[in-house]
file protein-v5.txt (compact mmCIF, C-alpha atoms)
# COMPACT_ATOMS: atom_id res chain seq x y z
CA MET A 1 0.00 0.00 0.00
CA PRO A 2 1.41 3.45 -0.89
CA LYS A 3 2.50 5.61 2.03
CA PRO A 4 0.22 8.63 2.65
CA LEU A 5 3.09 11.04 1.98
CA HIS A 6 3.82 9.29 -1.31
CA VAL A 7 0.19 9.71 -2.34
CA ALA A 8 0.48 13.42 -1.60
CA TYR A 9 3.61 13.60 -3.76
CA ARG A 10 1.81 11.97 -6.67
CA VAL A 11 -1.10 14.38 -6.36
CA TYR A 12 1.32 17.32 -6.40
CA GLN A 13 3.08 15.92 -9.46
CA GLY A 14 -0.25 15.43 -11.20
CA VAL A 15 -1.15 19.06 -10.60
CA LEU A 16 2.20 20.19 -11.99
CA ARG A 17 1.76 18.01 -15.04
CA ALA A 18 -1.71 19.42 -15.72
CA ALA A 19 -0.44 22.97 -15.25
CA SER A 20 2.44 22.38 -17.68
CA TYR A 21 -0.03 22.22 -20.56
CA LEU A 22 -0.79 25.89 -19.92
CA MET A 23 2.89 26.91 -20.12
CA ASP A 24 5.02 27.79 -23.12
CA PHE A 25 7.74 25.19 -23.72
CA SER A 26 8.43 26.24 -27.31
CA PRO A 27 11.94 25.15 -28.33
CA PRO A 28 14.42 27.83 -29.34
CA GLN A 29 14.82 29.05 -32.90
CA LEU A 30 17.95 27.30 -34.15
CA LEU A 31 20.97 28.12 -36.25
CA GLU A 32 22.43 24.69 -37.04
CA GLY A 33 25.35 23.10 -38.81
CA PRO A 34 29.08 23.63 -39.28
CA GLY A 35 29.89 27.34 -39.31
CA ALA A 36 26.54 28.37 -37.83
CA ILE A 37 28.29 30.65 -35.32
CA LYS A 38 29.37 32.91 -38.19
CA ARG A 39 25.72 33.70 -38.90
CA LEU A 40 24.91 34.67 -35.33
CA PRO A 41 25.99 38.36 -35.35
CA ALA A 42 23.73 39.16 -38.30
CA PHE A 43 20.96 37.11 -36.68
CA ILE A 44 21.26 39.13 -33.44
CA LYS A 45 21.09 42.36 -35.43
CA GLU A 46 18.02 41.13 -37.33
CA LYS A 47 16.28 40.60 -33.99
CA GLY A 48 16.74 44.29 -33.20
CA PHE A 49 19.50 44.18 -30.57
CA GLY A 50 22.46 46.55 -30.60
CA ARG A 51 24.31 45.81 -27.32
CA VAL A 52 24.91 42.34 -25.89
CA LEU A 53 26.66 40.82 -22.90
CA VAL A 54 28.64 37.69 -23.77
CA VAL A 55 28.83 35.31 -20.80
CA THR A 56 31.62 32.73 -20.95
CA ASP A 57 34.63 31.44 -19.00
CA LYS A 58 38.32 32.27 -19.05
CA GLY A 59 39.29 28.87 -20.44
CA LEU A 60 37.26 29.29 -23.61
CA ARG A 61 38.39 32.86 -24.04
CA SER A 62 42.08 31.93 -23.64
CA LEU A 63 41.68 29.28 -26.34
CA GLY A 64 40.53 31.97 -28.77
CA LEU A 65 37.23 30.21 -29.37
CA LEU A 66 35.31 33.48 -29.13
CA ASP A 67 37.62 35.55 -31.31
CA GLY A 68 35.81 34.98 -34.59
CA PHE A 69 32.40 35.60 -33.03
CA LEU A 70 33.52 38.83 -31.32
CA ALA A 71 35.05 40.04 -34.57
CA GLY A 72 31.74 39.23 -36.26
CA LEU A 73 29.88 41.35 -33.71
CA GLU A 74 32.17 44.28 -34.45
CA ALA A 75 31.78 43.83 -38.19
CA ALA A 76 28.01 43.85 -37.77
CA GLY A 77 28.19 47.11 -35.83
CA LEU A 78 27.11 45.56 -32.55
CA ALA A 79 28.45 46.71 -29.19
CA TYR A 80 29.38 44.03 -26.66
CA ALA A 81 30.86 43.40 -23.25
CA VAL A 82 32.32 40.10 -22.10
CA TYR A 83 31.93 38.51 -18.67
CA ASP A 84 34.40 35.61 -18.52
CA GLY A 85 34.41 34.93 -14.79
CA VAL A 86 32.05 31.93 -14.84
CA GLN A 87 33.32 29.04 -12.73
CA PRO A 88 32.68 25.35 -13.57
CA ASN A 89 29.78 25.40 -11.11
CA PRO A 90 28.50 28.99 -11.38
CA THR A 91 28.11 30.71 -8.04
CA ILE A 92 25.82 33.44 -6.80
CA SER A 93 28.72 35.89 -7.01
CA ASN A 94 29.28 34.94 -10.67
CA ILE A 95 25.65 35.75 -11.37
CA GLU A 96 25.79 39.07 -9.54
CA GLU A 97 29.00 40.09 -11.36
CA ALA A 98 27.48 39.30 -14.74
CA LEU A 99 24.35 41.21 -13.78
CA ALA A 100 26.37 44.28 -12.72
CA LEU A 101 28.25 44.31 -16.04
CA TYR A 102 25.00 43.90 -18.00
CA ARG A 103 23.57 46.94 -16.24
CA ALA A 104 26.75 49.02 -16.48
CA GLU A 105 27.06 48.43 -20.22
CA ARG A 106 23.35 49.04 -20.82
CA CYS A 107 23.04 45.73 -22.65
CA GLU A 108 19.84 44.62 -24.37
CA ALA A 109 20.39 40.87 -24.69
CA LEU A 110 22.64 38.04 -23.51
CA VAL A 111 24.83 35.57 -25.37
CA ALA A 112 25.82 32.47 -23.37
CA PHE A 113 28.93 30.96 -24.97
CA GLY A 114 30.20 27.71 -23.50
CA GLY A 115 28.93 24.70 -21.61
CA GLY A 116 26.15 24.51 -19.09
CA SER A 117 27.89 26.82 -16.61
CA PRO A 118 27.92 29.98 -18.78
CA MET A 119 24.34 29.24 -19.82
CA ASP A 120 23.20 28.79 -16.23
CA CYS A 121 24.97 32.00 -15.23
CA ALA A 122 23.44 33.96 -18.11
CA LYS A 123 19.95 32.62 -17.41
CA ALA A 124 20.16 33.48 -13.73
CA ALA A 125 21.63 36.94 -14.41
CA GLY A 126 18.78 37.61 -16.84
CA ALA A 127 16.24 36.47 -14.28
CA ARG A 128 17.78 38.78 -11.67
CA PHE A 129 17.75 41.71 -14.10
CA ALA A 130 14.06 41.21 -14.85
CA ASN A 131 13.19 40.54 -11.19
CA PRO A 132 15.47 42.91 -9.26
CA ARG A 133 13.60 42.59 -5.96
CA LYS A 134 14.34 38.87 -5.74
CA SER A 135 17.74 37.51 -4.76
CA VAL A 136 19.17 34.41 -6.40
CA ARG A 137 18.15 32.38 -3.35
CA GLN A 138 14.60 33.74 -3.59
CA LEU A 139 14.43 32.57 -7.22
CA ARG A 140 15.27 29.00 -6.18
CA GLY A 141 12.72 26.35 -7.13
CA LEU A 142 9.75 26.33 -9.47
CA LEU A 143 7.99 29.28 -11.09
CA LYS A 144 9.64 32.07 -9.07
CA VAL A 145 10.64 34.16 -12.12
CA THR A 146 7.78 36.62 -12.29
CA ARG A 147 8.97 38.73 -15.23
CA LYS A 148 10.51 37.49 -18.47
CA PRO A 149 14.30 37.92 -18.69
CA PRO A 150 16.08 39.61 -21.60
CA ALA A 151 16.54 37.59 -24.79
CA LEU A 152 19.24 34.93 -24.58
CA PHE A 153 21.22 33.50 -27.49
CA ALA A 154 22.64 30.15 -26.30
CA VAL A 155 25.81 28.82 -27.94
CA PRO A 156 26.82 25.42 -26.53
CA THR A 157 30.46 24.38 -26.87
CA THR A 158 29.89 21.02 -25.17
CA ALA A 159 27.36 18.33 -26.02
CA GLY A 160 25.67 17.36 -22.82
CA THR A 161 23.79 19.88 -20.73
CA GLY A 162 21.10 20.74 -23.27
CA SER A 163 20.82 24.08 -21.46
CA GLU A 164 20.06 25.79 -24.74
CA THR A 165 16.58 24.26 -24.58
CA THR A 166 15.85 23.97 -20.86
CA VAL A 167 13.92 26.01 -18.30
CA ALA A 168 16.52 25.54 -15.57
CA ALA A 169 19.58 27.38 -14.31
CA VAL A 170 21.68 25.46 -11.79
CA VAL A 171 23.39 27.57 -9.13
CA SER A 172 26.09 26.75 -6.58
CA ASP A 173 25.79 28.38 -3.19
CA PRO A 174 29.22 28.46 -1.50
CA GLU A 175 27.70 29.35 1.87
CA THR A 176 25.47 26.30 2.08
CA HIS A 177 27.55 24.02 -0.22
CA GLU A 178 24.40 23.30 -2.21
CA LYS A 179 23.61 23.23 -5.89
CA TYR A 180 20.02 24.00 -6.76
CA ALA A 181 17.93 24.92 -9.75
CA ILE A 182 15.96 27.99 -10.69
CA SER A 183 13.24 26.53 -12.92
CA ASP A 184 10.73 28.49 -14.94
CA PRO A 185 9.60 28.35 -18.60
CA LYS A 186 10.60 32.03 -18.85
CA LEU A 187 14.25 30.88 -18.69
CA LEU A 188 14.00 28.82 -21.88
CA PRO A 189 16.31 30.54 -24.39
CA PRO A 190 14.46 31.84 -27.44
CA TYR A 191 17.51 31.33 -29.69
CA ALA A 192 20.30 28.74 -29.91
CA VAL A 193 23.26 27.86 -32.13
CA LEU A 194 24.25 24.21 -32.71
CA ASP A 195 27.63 24.39 -34.45
CA PRO A 196 29.65 21.17 -34.20
CA GLU A 197 32.84 23.01 -35.14
CA LEU A 198 32.76 24.65 -31.71
CA THR A 199 33.03 21.23 -30.04
CA LEU A 200 35.95 19.88 -32.08
CA GLY A 201 38.48 20.91 -29.48
CA LEU A 202 36.82 19.10 -26.58
CA PRO A 203 39.24 16.60 -25.01
CA PRO A 204 38.05 13.05 -24.29
CA ARG A 205 37.88 13.75 -20.53
CA ILE A 206 35.16 16.34 -21.22
CA THR A 207 33.50 14.62 -24.18
CA ALA A 208 32.72 11.52 -22.11
CA PRO A 209 30.96 12.99 -19.05
CA THR A 210 29.11 15.64 -21.03
CA GLY A 211 27.84 12.97 -23.40
CA MET A 212 26.70 10.84 -20.49
CA ASP A 213 25.01 13.94 -19.09
CA ALA A 214 22.91 14.08 -22.25
CA LEU A 215 22.04 10.41 -21.79
CA THR A 216 21.08 11.01 -18.16
CA HIS A 217 18.68 13.78 -19.16
CA ALA A 218 16.99 11.56 -21.70
CA VAL A 219 16.77 8.50 -19.46
CA GLU A 220 15.50 10.33 -16.38
CA ALA A 221 12.85 12.08 -18.44
CA TYR A 222 11.83 8.84 -20.15
CA VAL A 223 11.36 6.73 -17.02
CA GLY A 224 9.41 9.46 -15.23
CA ARG A 225 5.66 9.95 -15.08
CA ALA A 226 5.30 13.35 -16.78
CA ASN A 227 6.02 12.49 -20.40
CA THR A 228 4.23 13.70 -23.49
CA PRO A 229 4.46 12.03 -26.92
CA GLU A 230 7.02 14.66 -27.93
CA THR A 231 9.23 14.24 -24.86
CA HIS A 232 9.15 10.48 -25.38
CA ALA A 233 10.22 10.91 -29.00
CA ARG A 234 13.01 13.36 -28.15
CA ALA A 235 14.32 11.17 -25.33
CA GLU A 236 14.38 8.14 -27.62
CA GLU A 237 16.24 10.13 -30.27
CA ALA A 238 18.80 11.26 -27.71
CA VAL A 239 19.41 7.71 -26.46
CA ARG A 240 19.78 6.41 -30.00
CA LEU A 241 22.30 9.12 -30.86
CA VAL A 242 24.36 8.75 -27.67
CA PHE A 243 24.75 4.99 -28.07
CA ALA A 244 25.64 5.38 -31.75
CA TRP A 245 28.00 8.35 -31.60
CA LEU A 246 29.38 9.19 -28.16
CA GLU A 247 32.26 6.75 -28.13
CA LYS A 248 33.14 7.74 -31.69
CA ALA A 249 33.38 11.37 -30.59
CA TYR A 250 35.37 10.24 -27.54
CA LYS A 251 37.88 8.30 -29.65
CA ASP A 252 38.15 10.82 -32.49
CA GLY A 253 37.41 14.37 -31.45
CA SER A 254 37.78 15.58 -35.04
CA ASP A 255 34.82 13.49 -36.28
CA LEU A 256 32.48 16.30 -37.29
CA GLU A 257 29.54 13.96 -37.90
CA ALA A 258 29.88 12.48 -34.41
CA ARG A 259 30.18 15.93 -32.89
CA GLY A 260 27.06 17.10 -34.70
CA ALA A 261 25.14 14.01 -33.63
CA MET A 262 26.09 14.58 -29.99
CA LEU A 263 25.01 18.22 -30.13
CA ARG A 264 21.67 16.99 -31.43
CA ALA A 265 21.51 14.36 -28.67
CA SER A 266 22.17 17.03 -26.07
CA PHE A 267 19.46 19.26 -27.51
CA CYS A 268 16.92 16.41 -27.56
CA GLY A 269 17.77 15.30 -24.02
CA GLY A 270 17.41 18.86 -22.80
CA PHE A 271 14.07 19.26 -24.54
CA ALA A 272 12.81 16.02 -22.98
CA PHE A 273 13.70 16.75 -19.39
CA THR A 274 12.68 20.40 -19.39
CA ARG A 275 9.07 19.27 -19.83
CA ALA A 276 9.18 15.79 -18.25
CA TYR A 277 11.61 16.59 -15.38
CA VAL A 278 14.58 14.62 -14.08
CA GLY A 279 14.83 12.48 -10.93
CA TYR A 280 17.00 11.22 -8.11
CA VAL A 281 20.13 11.04 -10.28
CA HIS A 282 20.15 14.80 -10.61
CA ALA A 283 19.07 15.38 -7.02
CA ILE A 284 22.03 13.39 -5.68
CA ALA A 285 24.47 14.70 -8.31
CA HIS A 286 23.60 18.32 -7.52
CA LYS A 287 24.58 17.88 -3.88
CA LEU A 288 27.78 16.02 -4.79
CA GLY A 289 28.68 18.81 -7.18
CA GLY A 290 27.99 21.53 -4.64
CA LEU A 291 29.81 19.77 -1.82
CA TYR A 292 32.88 18.47 -3.65
CA ALA A 293 33.02 20.72 -6.76
CA LEU A 294 32.48 17.71 -9.01
CA PRO A 295 31.54 18.52 -12.62
CA HIS A 296 27.83 18.04 -13.11
CA GLY A 297 28.11 15.71 -16.10
CA LEU A 298 30.59 13.47 -14.30
CA ALA A 299 28.39 13.28 -11.21
CA ASN A 300 25.36 12.36 -13.32
CA ALA A 301 27.30 9.73 -15.26
CA VAL A 302 28.45 8.02 -12.07
CA VAL A 303 25.14 8.21 -10.20
CA LEU A 304 22.93 7.14 -13.13
CA PRO A 305 23.36 3.32 -13.04
CA HIS A 306 23.11 3.24 -9.23
CA VAL A 307 19.73 4.96 -9.21
CA LEU A 308 18.45 2.92 -12.17
CA ASP A 309 19.38 -0.23 -10.24
CA TRP A 310 17.37 1.04 -7.28
CA TYR A 311 14.28 1.78 -9.39
CA GLY A 312 14.11 -1.92 -10.25
CA ASP A 313 10.78 -3.15 -11.63
CA ALA A 314 9.24 0.35 -11.51
CA ALA A 315 11.45 1.50 -14.39
CA ALA A 316 11.96 -1.85 -16.14
CA PRO A 317 9.38 -1.46 -18.96
CA ALA A 318 10.71 1.98 -19.96
CA LEU A 319 14.35 0.88 -19.72
CA ALA A 320 13.54 -2.21 -21.78
CA ARG A 321 12.25 0.03 -24.58
CA LEU A 322 15.41 2.10 -24.39
CA ALA A 323 17.49 -1.09 -24.47
CA GLU A 324 15.87 -1.97 -27.80
CA ILE A 325 16.51 1.52 -29.16
CA ALA A 326 20.14 1.36 -28.03
CA GLY A 327 20.57 -2.10 -29.54
CA VAL A 328 21.59 -3.83 -26.32
CA ALA A 329 18.49 -5.99 -25.72
CA LYS A 330 18.74 -9.58 -26.92
CA PRO A 331 15.73 -11.06 -28.71
CA GLY A 332 13.32 -12.89 -26.42
CA THR A 333 14.48 -11.31 -23.18
CA THR A 334 12.00 -10.18 -20.56
CA PRO A 335 11.60 -6.46 -19.78
CA ALA A 336 13.52 -6.95 -16.52
CA GLU A 337 16.38 -8.66 -18.36
CA ALA A 338 16.46 -5.97 -21.05
CA ALA A 339 16.47 -3.25 -18.39
CA ARG A 340 19.41 -4.89 -16.64
CA ALA A 341 21.25 -5.13 -19.96
CA PHE A 342 20.70 -1.42 -20.55
CA ILE A 343 22.07 -0.51 -17.12
CA ALA A 344 25.01 -2.87 -17.60
CA GLU A 345 25.86 -1.20 -20.91
CA ILE A 346 25.80 2.24 -19.26
CA ARG A 347 28.35 0.94 -16.75
CA ALA A 348 30.41 -0.57 -19.57
CA MET A 349 30.37 2.70 -21.54
CA ASN A 350 31.47 4.58 -18.44
CA ALA A 351 34.32 2.14 -17.90
CA ARG A 352 35.47 2.31 -21.53
CA MET A 353 35.62 6.09 -21.28
CA GLY A 354 37.40 6.23 -17.92
CA ILE A 355 34.41 7.28 -15.83
CA PRO A 356 34.57 5.77 -12.32
CA GLU A 357 31.97 3.68 -10.55
CA GLY A 358 31.94 5.96 -7.52
CA PHE A 359 33.74 8.82 -5.76
CA ALA A 360 36.48 8.75 -3.15
CA GLU A 361 35.50 12.32 -2.24
CA ILE A 362 32.31 11.25 -0.46
CA ARG A 363 32.84 11.26 3.31
CA ALA A 364 30.70 9.24 5.68
CA GLU A 365 29.96 12.28 7.83
CA ASP A 366 28.54 14.08 4.76
CA VAL A 367 26.04 11.38 3.86
CA PRO A 368 23.13 12.68 5.99
CA ALA A 369 23.44 16.16 4.43
CA ILE A 370 23.60 14.68 0.93
CA VAL A 371 20.45 12.67 1.61
CA ARG A 372 18.55 15.63 3.05
CA SER A 373 19.48 17.88 0.15
CA ALA A 374 18.68 15.28 -2.50
CA LEU A 375 15.26 14.47 -1.07
CA ARG A 376 14.49 18.16 -0.54
CA GLU A 377 15.11 18.74 -4.24
CA ALA A 378 13.34 15.68 -5.59
CA ASN A 379 10.33 15.23 -3.32
CA PRO A 380 7.59 16.06 -4.13
CA THR A 381 8.45 17.71 -7.47
CA TYR A 382 10.14 15.03 -9.57
CA PRO A 383 7.69 12.48 -11.05
CA VAL A 384 10.05 9.54 -10.53
CA PRO A 385 8.98 5.95 -11.22
CA ARG A 386 9.48 5.04 -7.56
CA ILE A 387 9.63 7.34 -4.52
CA MET A 388 12.73 7.15 -2.34
CA ASP A 389 12.82 7.68 1.42
CA ALA A 390 15.80 8.73 3.53
CA ALA A 391 17.04 5.21 4.30
CA GLU A 392 16.84 4.18 0.66
CA CYS A 393 18.61 7.33 -0.48
CA GLU A 394 21.34 6.75 2.08
CA ALA A 395 21.89 3.24 0.75
CA VAL A 396 22.30 4.57 -2.79
CA VAL A 397 24.73 7.29 -1.68
CA ARG A 398 26.80 4.84 0.35
CA GLY A 399 26.95 2.64 -2.74
CA LEU A 400 28.74 5.51 -4.48
CA MET A 401 31.51 5.74 -1.88
CA ARG A 402 35.00 4.63 -2.89
CA ASP A 403 38.35 4.58 -1.11
CA ALA A 404 40.18 4.07 -4.38
CA PRO A 405 39.39 2.87 -7.88
CA GLY A 406 37.72 -0.49 -7.55
CA GLY A 407 37.39 -0.30 -3.77
CA THR A 408 34.46 0.62 -1.55
CA ARG A 409 34.03 1.93 1.94
call {"tool": "encode", "arguments": {"input": "protein-v5.txt", "output": "structure tokens"}}
result
Amino acid sequence: MPKPLHVAYRVYQGVLRAASYLMDFSPPQLLEGPGAIKRLPAFIKEKGFGRVLVVTDKGLRSLGLLDGFLAGLEAAGLAYAVYDGVQPNPTISNIEEALALYRAERCEALVAFGGGSPMDCAKAAGARFANPRKSVRQLRGLLKVTRKPPALFAVPTTAGTGSETTVAAVVSDPETHEKYAISDPKLLPPYAVLDPELTLGLPPRITAPTGMDALTHAVEAYVGRANTPETHARAEEAVRLVFAWLEKAYKDGSDLEARGAMLRASFCGGFAFTRAYVGYVHAIAHKLGGLYALPHGLANAVVLPHVLDWYGDAAAPALARLAEIAGVAKPGTTPAEAARAFIAEIRAMNARMGIPEGFAEIRAEDVPAIVRSALREANPTYPVPRIMDAAECEAVVRGLMRDAPGGTR
């Protein structure tokens, strides 16, 4: 018999799902294909903007990846400022610094250039600009962005977060050591650029976890209880693309077709979860990232098979369908067997790409805080296939603990 609190969670999730049909989840207008970034300055000008803030990080800027785009802005007669202070897990201070520069330079729109961190920072800075009476902490959670932020042009340089088509901005709070999301359809970027040439320089150590991040988005959305026919289709497309192309991109970073396919997978995974939500993988990974400064994609990649194992029969039918799409289900197997094969292949992919089974960083004394934070994020909002309590969450987190590669504690 379901626990009374679990029934309340399901009612809440049902209300959210019904309300989502009244919200605008329109995907961004896309510029796609090799060289698409070269068309962006003229595109920005066509949309009527004359001054933009480019939000990025120092690593990308030092590599010269923005040089051509910035020159294109100048050639188009557009004024710009650059905020390149975004950290791998963007902090509240990053957001406030970007906001201050946006105001000082009298900008009219934002360009997020980079991975999920610059996009999260730009989204949150835009939300703060449009809602100046609310702090970043007050924007935490669902539907707290009252007024629509300035236009955002999202330019991903990694293939994983799907932030160019999501309603979320993930923030790190150094004071509380938490990572949490600001989630509102008003944060969905109206414009995005999918240019595989921008991802050619990604090293394998970034290609692998960001690609598994895209897979996590698709899988968590797919096994949840808030899907629509379109989110199902996008999640299936993302899974198909990741299993076909990720390891090719990992082995040969110059494979433009593989890079383009992974950008598409990231976009589809992002589209799926922004409407259908994520689950306990993200809830646990967010706390690990905030506490130990672990990259989000890596945390998701490691946590994913552990949580899927825990879901068991509740997620087996959906995972069995994904196993068929990924080509890892043997003919005649039961849904439970196909689901186990799918999870086993995720672990095998992780291993082939050097992603660990757990984290030595996790300390026993931190486990209660990780559990509290994860359940605070997930319950009651995420429409997961099976609801987790504190003891069950603790067991999953302890299963992630490692003293050294191959060892547990």
call {"tool": "residues_around", "arguments": {"input": "protein-v5.txt", "residues": "stretch 65-78 of chain A", "least_positions_apart": "3", "cutoff": "10 Å", "atoms": "all atoms listed in the file", "output": "list of chain:residue names"}}
result
A:Ile37, A:Lys38, A:Arg39, A:Leu40, A:Pro41, A:Ala42, A:Phe43, A:Ile44, A:Lys45, A:Phe49, A:Gly50, A:Arg51, A:Val52, A:Val54, A:Thr56, A:Gly59, A:Leu60, A:Arg61, A:Ser62, A:Ala81, A:Val82, A:Phe113, A:Gly114, A:Thr157, A:Leu198, A:Thr199, A:Gly201
call {"tool": "closest_atom_pairs", "arguments": {"input": "protein-v5.txt", "of": "stretch 289-323 of chain A", "to": "stretch 329-343 of chain A", "cutoff": "6 Å", "atoms": "all atoms listed in the file", "output": "tab-separated table"}}
result
residue	atom	partner	partner_atom	distance
A:Pro305	CA	A:Ile343	CA	5.7
A:Ala316	CA	A:Ala339	CA	5.2
A:Pro317	CA	A:Pro335	CA	5.5
A:Leu319	CA	A:Ala339	CA	4.8
A:Ala320	CA	A:Ala339	CA	4.6
A:Ala323	CA	A:Phe342	CA	5.1
call {"tool": "axis_aligned_box", "arguments": {"input": "protein-v5.txt", "around": "stretch 305-322 of chain A", "padding_each_side": "3 Å", "output": "lines of an AutoDock Vina configuration file"}}
result
center_x = 16.3
center_y = 0.9
center_z = -15.9
size_x = 20.1
size_y = 14.1
size_z = 23.3
call {"tool": "closest_residue", "arguments": {"input": "protein-v5.txt", "among": "A:Pro28, A:Gly253, A:Pro150, A:Pro383", "to": "A:Asn227", "atoms": "only C-alpha atoms"}}
result
A:Pro383
call {"tool": "closest_residue", "arguments": {"input": "protein-v5.txt", "among": "A:Lys144, A:His6, A:Arg347, A:Arg103", "to": "A:Arg386", "atoms": "all atoms listed in the file"}}
result
A:His6
call {"tool": "atom_distance", "arguments": {"input": "protein-v5.txt", "atom1": "atom CA of A:Tyr21", "atom2": "atom CA of A:Ala221"}}
result
16.5 Å
call {"tool": "atom_distance", "arguments": {"input": "protein-v5.txt", "atom1": "atom CA of A:Arg234", "atom2": "atom CA of A:Val396"}}
result
28.4 Å
call {"tool": "closest_residue", "arguments": {"input": "protein-v5.txt", "among": "A:Met23, A:Cys121, A:Ala378, A:Val281", "to": "A:Asp213", "atoms": "all atoms listed in the file"}}
result
A:Val281
call {"tool": "closest_residue", "arguments": {"input": "protein-v5.txt", "among": "A:Ala98, A:Met119, A:Val171, A:Val111", "to": "A:Phe153", "atoms": "all atoms listed in the file"}}
result
A:Val111
call {"tool": "closest_residue", "arguments": {"input": "protein-v5.txt", "among": "A:Val55, A:Pro203, A:Arg225, A:Arg140", "to": "A:Leu152", "atoms": "all atoms listed in the file"}}
result
A:Val55
call {"tool": "atom_distance", "arguments": {"input": "protein-v5.txt", "atom1": "atom CA of A:Cys393", "atom2": "atom CA of A:Gly358"}}
result
15.1 Å
call {"tool": "build_atoms", "arguments": {"input": "protein-v5.txt", "residues": "stretch 120-139 of chain A", "atoms": "N, CA and C atoms", "output": "JSON list (two decimals), in the coordinates of the input"}}
result
[["chain", "number", "residue", "atom", "x", "y", "z"],
["A", 120, "ASP", "N", 23.88, 28.64, -17.51],
["A", 120, "ASP", "CA", 23.20, 28.79, -16.23],
["A", 120, "ASP", "C", 23.42, 30.19, -15.65],
["A", 121, "CYS", "N", 24.65, 30.68, -15.74],
["A", 121, "CYS", "CA", 24.97, 32.00, -15.23],
["A", 121, "CYS", "C", 24.19, 33.07, -15.98],
["A", 122, "ALA", "N", 24.15, 32.97, -17.31],
["A", 122, "ALA", "CA", 23.44, 33.96, -18.11],
["A", 122, "ALA", "C", 21.95, 33.93, -17.83],
["A", 123, "LYS", "N", 21.38, 32.73, -17.72],
["A", 123, "LYS", "CA", 19.95, 32.62, -17.41],
["A", 123, "LYS", "C", 19.62, 33.27, -16.07],
["A", 124, "ALA", "N", 20.43, 32.96, -15.07],
["A", 124, "ALA", "CA", 20.16, 33.48, -13.73],
["A", 124, "ALA", "C", 20.37, 34.99, -13.69],
["A", 125, "ALA", "N", 21.40, 35.50, -14.37],
["A", 125, "ALA", "CA", 21.63, 36.94, -14.41],
["A", 125, "ALA", "C", 20.46, 37.64, -15.10],
["A", 126, "GLY", "N", 19.95, 37.04, -16.17],
["A", 126, "GLY", "CA", 18.78, 37.61, -16.84],
["A", 126, "GLY", "C", 17.56, 37.61, -15.95],
["A", 127, "ALA", "N", 17.38, 36.54, -15.19],
["A", 127, "ALA", "CA", 16.24, 36.47, -14.28],
["A", 127, "ALA", "C", 16.36, 37.53, -13.18],
["A", 128, "ARG", "N", 17.57, 37.73, -12.69],
["A", 128, "ARG", "CA", 17.78, 38.78, -11.67],
["A", 128, "ARG", "C", 17.52, 40.16, -12.24],
["A", 129, "PHE", "N", 17.96, 40.40, -13.49],
["A", 129, "PHE", "CA", 17.75, 41.71, -14.10],
["A", 129, "PHE", "C", 16.25, 42.01, -14.23],
["A", 130, "ALA", "N", 15.50, 41.00, -14.65],
["A", 130, "ALA", "CA", 14.06, 41.21, -14.85],
["A", 130, "ALA", "C", 13.28, 41.22, -13.54],
["A", 131, "ASN", "N", 13.87, 40.64, -12.50],
["A", 131, "ASN", "CA", 13.19, 40.54, -11.19],
["A", 131, "ASN", "C", 14.12, 41.07, -10.11],
["A", 132, "PRO", "N", 14.42, 42.36, -10.13],
["A", 132, "PRO", "CA", 15.47, 42.91, -9.26],
["A", 132, "PRO", "C", 15.18, 42.83, -7.77],
["A", 133, "ARG", "N", 13.93, 42.65, -7.39],
["A", 133, "ARG", "CA", 13.60, 42.59, -5.96],
["A", 133, "ARG", "C", 13.77, 41.19, -5.38],
["A", 134, "LYS", "N", 14.13, 40.23, -6.22],
["A", 134, "LYS", "CA", 14.34, 38.87, -5.74],
["A", 134, "LYS", "C", 15.82, 38.52, -5.83],
["A", 135, "SER", "N", 16.37, 38.00, -4.75],
["A", 135, "SER", "CA", 17.74, 37.51, -4.76],
["A", 135, "SER", "C", 17.80, 36.18, -5.51],
["A", 136, "VAL", "N", 19.01, 35.72, -5.76],
["A", 136, "VAL", "CA", 19.17, 34.41, -6.40],
["A", 136, "VAL", "C", 18.52, 33.33, -5.54],
["A", 137, "ARG", "N", 18.74, 33.39, -4.24],
["A", 137, "ARG", "CA", 18.15, 32.38, -3.35],
["A", 137, "ARG", "C", 16.63, 32.43, -3.38],
["A", 138, "GLN", "N", 16.07, 33.61, -3.53],
["A", 138, "GLN", "CA", 14.60, 33.74, -3.59],
["A", 138, "GLN", "C", 14.03, 33.24, -4.92],
["A", 139, "LEU", "N", 14.87, 33.10, -5.93],
["A", 139, "LEU", "CA", 14.43, 32.57, -7.22],
["A", 139, "LEU", "C", 14.52, 31.04, -7.25]]
